[in-house]
Every structure is written in C-alpha cells, then in structure tokens.
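S.K.: Okay, here's the structure, questions in a sec.
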Amino acid sequence: MAAQIIKNYNMEKPVVSYIRHNENLTYHVVDEANGQKYLLRIHQAAYASMTGIQHTPPALEAEMNLLHELNATTALRVQHPVRNLSGDWVTVWRSEEGKEICCTVLEWIEGRDIQQGERLTTEQIMDLGVQLQTLHQHGRIQQQKDRTKARPAYGNIHENLIMLGQLEEGVRLGIFTTEDFDLLRETFENINKQLATYPQHAETWGIIHGDITRNNLLITGQGISMIDFCLHGYGYYLFDAGGAALMFNREERDIFLSGYTKQTAPLTERDIRLMEGFMLIFTLGYYAFQMANESRHEWMKDRMPKLCSKYCRPYVQNKSIFYEL
C-alpha cells in the first residue's frame, strides 16, 4: 500500500521502510535518485479510540497549511509538507475494497530521538519554551483570521466532559474502581469550574501542538525540533505548556517557564493553577486515548490509584501539584 501511495509524489527511485503504527501508519522514504528523505503518513489509526477529526481531509489540509505557514513566517524548525503530483497536500488512496484512506508526505528532519532517561541541557529546555511561545504567538495571529476550525479542540469544558465519559468506560471494563472514578469526576468538575470564568480569546486560546512529549521532539544540529503535528488543534495555550512541563523535573520546569514567558508577561497564580489542571487532563488523556488498547489495561489499572491519591486528591484540596506531577 505504501509503495503504491508514494507513486503519487515526484520521486524517481523511492525506497519505503516501515517505522511504526499508532494514530497513523508511518514510513521512512528515501529517493535513491537524489538521497532526499521523507516521512509518509497513512492516516489509519491502530485503534478506534485513536481515530478522530484529525484524520479527515479538511483537518489534514489545515495541518499541512499550518506547517507551510510556520516554515514561511517563523524560525521554528518544523517539517515541510510535500505536495503530490496533482498539487495537493492530501492524497486519498482507494483500496481494492473501495475504502478511502488519507495520506500525507513531509520532508524528513535529520536528528535523533531523546533517549530514555536523557536530560536536556538548560539551553535546550529554554529553547523549547521559546519555540512553544512562538507557536502560540502564531496561533494568536491566525485566530484573528477567522478561519474554519477543522481541527480537534482540547481542554475546554465540552471536551473535558467527553474525556470523562471515555474514562468512565474504564470502570465498566474493570480497569478503574468507582472510588477512583468519583475522584476523577470531582477533579474534572474543579477544572471546568475554573474554565467557566477563564477568558477564551485570541490571547489565551488558539492553535496548539496538542501533544508535546519527548517522543515528539528531535535533537538536531540546529537545536530542538517539534515534530508530529498530527494531533494539533485548538485549545488554551496553557494546555500545551502544561503538557510540555510534564517532561521536566522541578528545576527544569522553572527553566522551561522562563523560556516560555521570555517575551510575555509572567504567568499568574491563576494561570499556574489552571495549568496544573491541564497537566492532569493531559495525563488522563493518554488513558482515554488507550482505552481500546487492551495491552495497556493492566498498566492503567496499576497506575490510576497512584495518580488519584498523589495528584488528583491534593489538586481538589487546592494544593499545588505543579512541581510534583
């Protein structure tokens, strides 16, 4: 399938090799005629719970347009999207059974993954904070263009309630206890109560990456590069910042925030409190995302009681968890 799809692109001698299958099927492609490297993404999720609006043609078009604009208007080191032979960002492949699957191609960024247990340098952590603020500044500008929102949303009251419903399935499956789920419900109610009075406008809400983790960062010769925008969408900028902060220890979180707020005003206590809530939402989002993946059920069953007792309970008791989670 991948070999057939890549024929839709201007490549003379493409060699395709499999990378992994999560929310998309991904392949490394080398055009042996010129040595140019690419990333082929076939937007077919491994599990039904991973499928969403982000896999639809309008959403993929929006993602590719975002990457194109970021390359053209910012100094961010993000992947360049590649048009197919018809001049389109999105290729629709039809199987013999008539099923339509969307596919996209990006230029490959040379770099390496962050290794397990590897600590980033102060400069790298600061740089990531600056880059994330640059992305959010672009989100503020684009938000003002009143474009159609074909991408998913994260962290608002409606989406939080949907996630809570997904997590409730864990009780039926015997993964979570009713006591832990009751605490989850209380946690979500606390966060949503804050959101009910928190402003949602271009200065607080716009385009975000949505999945800043170590797996979605590359160390390159030019610095840290944010990759894998396949889950990007609309949300509070603090959601992105909270997700990124989870990668770091206590001292590193202060460094990250200093980079993130280098060109803006410092975060207020209210901002930090909400960011802590988003850190919990970001963490619980993984559980909801993996609900259909039975291989993760035992892991979730073991981890959820600890997550509830160590972080959710203190949070609903108005204790700070920013440096603990």
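Ordering of the structure tokens sets the chain letters (A, B, ...), residue numbers begin anew at 1 in every chain, and ligands are numbered from 1 in the order given.
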Would you mind listing what lies within 10 Å of Asn215 (chain A) as number ranges by chain, with only C-alpha atoms counted and same-chain residues fewer than 2 positions away left out?

M.R.: A: 113-115, 211-213, 217-218, 226-228

S.K.: If you count only C-alpha atoms, which residues fall within 12 Å of Lys262 (chain A), apart from same-chain ones fewer than 3 positions away, as a PyMOL selection string?

M.R.: chain A and resi 126-134+254-259+265-267

S.K.: Please return as a list of chain:residue names: the residues of region 208-249 of chain A that backbone DSSP assigns to strand (DSSP E or B).

M.R.: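 Residues meeting the strand (DSSP E or B) criterion: A:Ile208, A:Leu217, A:Leu218, A:Ile219, A:Thr220, A:Gly223, A:Ile224, A:Ser225, A:Met226, A:Gly233, A:Tyr234, A:Gly235, A:Tyr236.
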
S.K.: For N, CA, C and O atoms, I'd like the residues from the last selection saved as a PDB file, in the first residue's frame.

M.R.:
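Dumped to part-v3.pdb:
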```pdb
ATOM      1  N   ILE A 208      -2.655  25.097  18.958  1.00  0.00           N
ATOM      2  CA  ILE A 208      -1.658  24.482  19.819  1.00  0.00           C
ATOM      3  C   ILE A 208      -1.158  23.193  19.178  1.00  0.00           C
ATOM      4  O   ILE A 208      -1.803  22.641  18.289  1.00  0.00           O
ATOM      5  N   LEU A 217       9.762  15.245  19.987  1.00  0.00           N
ATOM      6  CA  LEU A 217      10.861  16.212  19.884  1.00  0.00           C
ATOM      7  C   LEU A 217      12.071  15.514  19.278  1.00  0.00           C
ATOM      8  O   LEU A 217      12.334  14.345  19.557  1.00  0.00           O
ATOM      9  N   LEU A 218      12.790  16.240  18.450  1.00  0.00           N
ATOM     10  CA  LEU A 218      14.038  15.741  17.883  1.00  0.00           C
ATOM     11  C   LEU A 218      15.175  16.656  18.287  1.00  0.00           C
ATOM     12  O   LEU A 218      15.014  17.882  18.359  1.00  0.00           O
ATOM     13  N   ILE A 219      16.332  16.072  18.562  1.00  0.00           N
ATOM     14  CA  ILE A 219      17.542  16.861  18.782  1.00  0.00           C
ATOM     15  C   ILE A 219      18.275  16.923  17.453  1.00  0.00           C
ATOM     16  O   ILE A 219      18.698  15.901  16.907  1.00  0.00           O
ATOM     17  N   THR A 220      18.410  18.120  16.917  1.00  0.00           N
ATOM     18  CA  THR A 220      19.059  18.316  15.620  1.00  0.00           C
ATOM     19  C   THR A 220      20.307  19.174  15.785  1.00  0.00           C
ATOM     20  O   THR A 220      20.585  19.695  16.880  1.00  0.00           O
ATOM     21  N   GLY A 223      19.247  22.538  16.988  1.00  0.00           N
ATOM     22  CA  GLY A 223      18.545  22.641  18.262  1.00  0.00           C
ATOM     23  C   GLY A 223      17.368  21.679  18.319  1.00  0.00           C
ATOM     24  O   GLY A 223      17.241  20.767  17.502  1.00  0.00           O
ATOM     25  N   ILE A 224      16.490  21.897  19.301  1.00  0.00           N
ATOM     26  CA  ILE A 224      15.309  21.066  19.465  1.00  0.00           C
ATOM     27  C   ILE A 224      14.311  21.367  18.342  1.00  0.00           C
ATOM     28  O   ILE A 224      14.092  22.520  17.981  1.00  0.00           O
ATOM     29  N   SER A 225      13.701  20.317  17.809  1.00  0.00           N
ATOM     30  CA  SER A 225      12.692  20.489  16.774  1.00  0.00           C
ATOM     31  C   SER A 225      11.401  19.813  17.213  1.00  0.00           C
ATOM     32  O   SER A 225      11.406  18.652  17.629  1.00  0.00           O
ATOM     33  N   MET A 226      10.291  20.540  17.142  1.00  0.00           N
ATOM     34  CA  MET A 226       8.977  19.963  17.436  1.00  0.00           C
ATOM     35  C   MET A 226       8.470  19.260  16.177  1.00  0.00           C
ATOM     36  O   MET A 226       8.449  19.857  15.099  1.00  0.00           O
ATOM     37  N   GLY A 233      -4.402  21.161  17.237  1.00  0.00           N
ATOM     38  CA  GLY A 233      -5.767  21.659  17.133  1.00  0.00           C
ATOM     39  C   GLY A 233      -5.902  22.974  17.848  1.00  0.00           C
ATOM     40  O   GLY A 233      -4.954  23.766  17.924  1.00  0.00           O
ATOM     41  N   TYR A 234      -7.074  23.210  18.414  1.00  0.00           N
ATOM     42  CA  TYR A 234      -7.352  24.452  19.131  1.00  0.00           C
ATOM     43  C   TYR A 234      -7.479  24.153  20.623  1.00  0.00           C
ATOM     44  O   TYR A 234      -8.033  23.135  21.023  1.00  0.00           O
ATOM     45  N   GLY A 235      -6.956  25.041  21.410  1.00  0.00           N
ATOM     46  CA  GLY A 235      -7.035  24.869  22.847  1.00  0.00           C
ATOM     47  C   GLY A 235      -6.418  26.051  23.564  1.00  0.00           C
ATOM     48  O   GLY A 235      -5.918  26.995  22.940  1.00  0.00           O
ATOM     49  N   TYR A 236      -6.445  25.996  24.890  1.00  0.00           N
ATOM     50  CA  TYR A 236      -5.757  27.010  25.683  1.00  0.00           C
ATOM     51  C   TYR A 236      -4.256  26.799  25.538  1.00  0.00           C
ATOM     52  O   TYR A 236      -3.778  25.672  25.568  1.00  0.00           O
TER      53      TYR A 236
END
```

S.K.: How close does region 62-120 of chain A get to region 14-33 of chain A? List, as a tab-separated table, each residue of region 62-120 of chain A within 10 Å, its nearest atom pair and the distance in Å to one decimal, counting only C-alpha atoms.

M.R.:
```
residue	atom	partner	partner_atom	distance
A:Cys103	CA	A:Asn24	CA	9.4
A:Thr104	CA	A:Thr26	CA	9.9
A:Val105	CA	A:Val29	CA	9.4
A:Leu106	CA	A:Val29	CA	9.9
A:Glu107	CA	A:Val29	CA	9.5
A:Trp108	CA	A:His28	CA	8.2
```

S.K.: Write out as a VMD selection string which residues come within 12 Å of Glu100 (chain A) when counting only C-alpha atoms, dropping same-chain ones fewer than 4 positions away.

M.R.: chain A and resid 5 42 to 44 55 to 57 90 to 96

S.K.: When distances are computed from only C-alpha atoms, which of A:Arg214, A:Gln290, A:Asp271, A:Cys312 shows the smallest separation from Arg119 (chain A)?

M.R.: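 Closest to Arg119 (chain A), using only C-alpha atoms: A:Arg214.
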
S.K.: So that I can check the surroundings of Tyr47 (chain A), please list as number ranges by chain every protein, DNA and RNA residue that reaches within 7 Å of it, counting only C-alpha atoms and ignoring chain neighbours fewer than 3 positions away.

M.R.: A: 50, 292-293

S.K.: What gap, in Å, lies between CA of Ser295 (chain A) and CA of Gln166 (chain A)?

M.R.: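 Here the two named atoms are 17.3 Å from each other.
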
S.K.: Under the rule that only C-alpha atoms are counted, which of A:Asn156, A:Ala48, A:Arg296, A:Met304 is the nearest residue to Glu179 (chain A)?

M.R.: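 That would be A:Met304, the residue with the smallest distance to Glu179 (chain A).
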
S.K.: Please report the interatomic distance between CA of Leu184 (chain A) and CA of Cys308 (chain A) in Å with one decimal.

M.R.: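 Computing the Euclidean distance for CA of Leu184 (chain A) and CA of Cys308 (chain A) yields 7.2 Å.
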
S.K.: Name the closest residue to Asp302 (chain A) among the candidates A:Asp88, A:Asp180, A:Glu69, A:Glu123; distances are taken between atoms, counting only C-alpha atoms.

M.R.: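 Going through A:Asp88, A:Asp180, A:Glu69, A:Glu123 one by one, the smallest distance to Asp302 (chain A) is for A:Asp180.
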
S.K.: Find the spatial neighbours of Gln222 (chain A), counting only C-alpha atoms, within a cut-off of 12 Å - ignore same-chain residues fewer than 5 positions away - and output them as a count of residues only.

M.R.: 10

S.K.: Compare A:Glu276, A:Glu61, A:Glu118, A:Glu251 by their minimum atom-to-atom distance to Thr187 (chain A), counting only C-alpha atoms, and give me the closest one.

M.R.: A:Glu276

S.K.: I need the residues in region 191-313 of chain A that are alpha helix (DSSP H) according to DSSP; give them as a PyMOL selection string.

M.R.: chain A and resi 191-195+237-245+250-260+269-289+297-307+313

S.K.: Determine, counting only C-alpha atoms, which protein, DNA and RNA residues have an atom within 10 Å of an atom of region 150-155 of chain A; residues of the same chain fewer than 4 positions away are not included. Present the result as a PyMOL selection string.

M.R.: chain A and resi 52-63+159-161+163+191-192+195+206-208+210+230-240+277-278+281-282+285

S.K.: Under the rule that only C-alpha atoms are counted, which of A:Leu183, A:Leu66, A:Met11, A:Ala245 is the nearest residue to Ser309 (chain A)?

M.R.: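 The shortest atom-to-atom distance to Ser309 (chain A) comes from A:Leu183.
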
S.K.: For Arg313 (chain A), list every protein, DNA or RNA residue within 12 Å, evaluated using only C-alpha atoms, and leave out those in the same chain fewer than 2 positions away; present the list as a list in words.

M.R.: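 Close residues of Arg313 (chain A): Glu179, Asp180, Phe181, Asp182, Leu183, Leu184, Arg185, Glu186, Thr187, Phe188, Asn190, Gly277, Leu280, Pro305, Lys306, Leu307, Cys308, Ser309, Lys310, Tyr311, Tyr315, Val316, Gln317, Asn318, Lys319, Ser320 and Ile321 of chain A.
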
S.K.: Taking N, CA, C and O atoms for each residue, export the selection above as a tab-separated table (two decimals), in the first residue's frame.

M.R.:
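Okay, this is what ended up in selection_14.tsv:
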```tsv
chain	number	residue	atom	x	y	z
A	179	GLU	N	-14.45	4.30	43.20
A	179	GLU	CA	-13.93	5.33	44.09
A	179	GLU	C	-12.95	6.26	43.35
A	179	GLU	O	-13.01	7.48	43.50
A	180	ASP	N	-12.07	5.66	42.57
A	180	ASP	CA	-11.12	6.48	41.81
A	180	ASP	C	-11.85	7.31	40.77
A	180	ASP	O	-11.51	8.48	40.54
A	181	PHE	N	-12.85	6.73	40.12
A	181	PHE	CA	-13.57	7.49	39.11
A	181	PHE	C	-14.34	8.65	39.73
A	181	PHE	O	-14.44	9.73	39.14
A	182	ASP	N	-14.88	8.45	40.93
A	182	ASP	CA	-15.57	9.55	41.63
A	182	ASP	C	-14.60	10.71	41.85
A	182	ASP	O	-14.98	11.89	41.72
A	183	LEU	N	-13.35	10.39	42.19
A	183	LEU	CA	-12.35	11.43	42.39
A	183	LEU	C	-11.99	12.09	41.06
A	183	LEU	O	-11.76	13.30	41.00
A	184	LEU	N	-11.94	11.30	40.00
A	184	LEU	CA	-11.71	11.88	38.67
A	184	LEU	C	-12.82	12.86	38.31
A	184	LEU	O	-12.55	13.94	37.79
A	185	ARG	N	-14.06	12.47	38.59
A	185	ARG	CA	-15.19	13.35	38.29
A	185	ARG	C	-15.06	14.66	39.07
A	185	ARG	O	-15.29	15.75	38.51
A	186	GLU	N	-14.68	14.57	40.33
A	186	GLU	CA	-14.51	15.77	41.15
A	186	GLU	C	-13.38	16.64	40.60
A	186	GLU	O	-13.48	17.87	40.60
A	187	THR	N	-12.32	16.00	40.12
A	187	THR	CA	-11.19	16.74	39.54
A	187	THR	C	-11.64	17.49	38.29
A	187	THR	O	-11.33	18.68	38.11
A	188	PHE	N	-12.37	16.82	37.41
A	188	PHE	CA	-12.85	17.46	36.19
A	188	PHE	C	-13.81	18.60	36.51
A	188	PHE	O	-13.79	19.64	35.86
A	190	ASN	N	-13.76	20.46	39.16
A	190	ASN	CA	-12.93	21.55	39.67
A	190	ASN	C	-12.32	22.35	38.51
A	190	ASN	O	-12.36	23.58	38.49
A	277	GLY	N	-4.19	21.91	36.33
A	277	GLY	CA	-5.35	21.14	35.90
A	277	GLY	C	-5.16	20.55	34.52
A	277	GLY	O	-5.51	19.39	34.27
A	280	LEU	N	-3.03	17.50	34.53
A	280	LEU	CA	-3.82	16.30	34.86
A	280	LEU	C	-4.63	15.84	33.65
A	280	LEU	O	-4.68	14.65	33.34
A	305	PRO	N	-4.76	4.31	40.64
A	305	PRO	CA	-4.88	4.62	42.06
A	305	PRO	C	-3.80	5.58	42.56
A	305	PRO	O	-4.08	6.47	43.38
A	306	LYS	N	-2.58	5.42	42.04
A	306	LYS	CA	-1.49	6.31	42.44
A	306	LYS	C	-1.73	7.73	41.91
A	306	LYS	O	-1.49	8.72	42.61
A	307	LEU	N	-2.19	7.82	40.66
A	307	LEU	CA	-2.46	9.13	40.06
A	307	LEU	C	-3.53	9.87	40.86
A	307	LEU	O	-3.41	11.07	41.13
A	308	CYS	N	-4.55	9.14	41.26
A	308	CYS	CA	-5.65	9.76	42.01
A	308	CYS	C	-5.21	10.21	43.40
A	308	CYS	O	-5.50	11.34	43.82
A	309	SER	N	-4.52	9.33	44.12
A	309	SER	CA	-4.16	9.64	45.51
A	309	SER	C	-3.06	10.69	45.61
A	309	SER	O	-3.08	11.55	46.50
A	310	LYS	N	-2.07	10.62	44.72
A	310	LYS	CA	-0.91	11.52	44.81
A	310	LYS	C	-1.15	12.89	44.18
A	310	LYS	O	-0.51	13.87	44.58
A	311	TYR	N	-2.06	12.95	43.18
A	311	TYR	CA	-2.18	14.21	42.43
A	311	TYR	C	-3.61	14.75	42.36
A	311	TYR	O	-3.83	15.94	42.62
A	315	TYR	N	-5.04	18.10	44.37
A	315	TYR	CA	-5.49	19.19	43.50
A	315	TYR	C	-6.88	19.69	43.89
A	315	TYR	O	-7.11	20.90	43.97
A	316	VAL	N	-7.81	18.77	44.15
A	316	VAL	CA	-9.17	19.20	44.52
A	316	VAL	C	-9.17	19.81	45.92
A	316	VAL	O	-10.12	20.52	46.29
A	317	GLN	N	-8.11	19.56	46.69
A	317	GLN	CA	-7.96	20.19	48.01
A	317	GLN	C	-7.22	21.51	47.91
A	317	GLN	O	-6.80	22.08	48.92
A	318	ASN	N	-7.06	22.01	46.68
A	318	ASN	CA	-6.42	23.30	46.38
A	318	ASN	C	-4.96	23.36	46.78
A	318	ASN	O	-4.43	24.43	47.12
A	319	LYS	N	-4.29	22.21	46.73
A	319	LYS	CA	-2.85	22.16	46.96
A	319	LYS	C	-2.13	22.17	45.62
A	319	LYS	O	-2.59	21.57	44.65
A	320	SER	N	-0.98	22.83	45.56
A	320	SER	CA	-0.23	22.93	44.31
A	320	SER	C	0.45	21.59	43.98
A	320	SER	O	1.04	20.94	44.85
A	321	ILE	N	0.33	21.18	42.72
A	321	ILE	CA	0.98	19.94	42.27
A	321	ILE	C	1.93	20.22	41.11
A	321	ILE	O	2.42	19.28	40.47
```
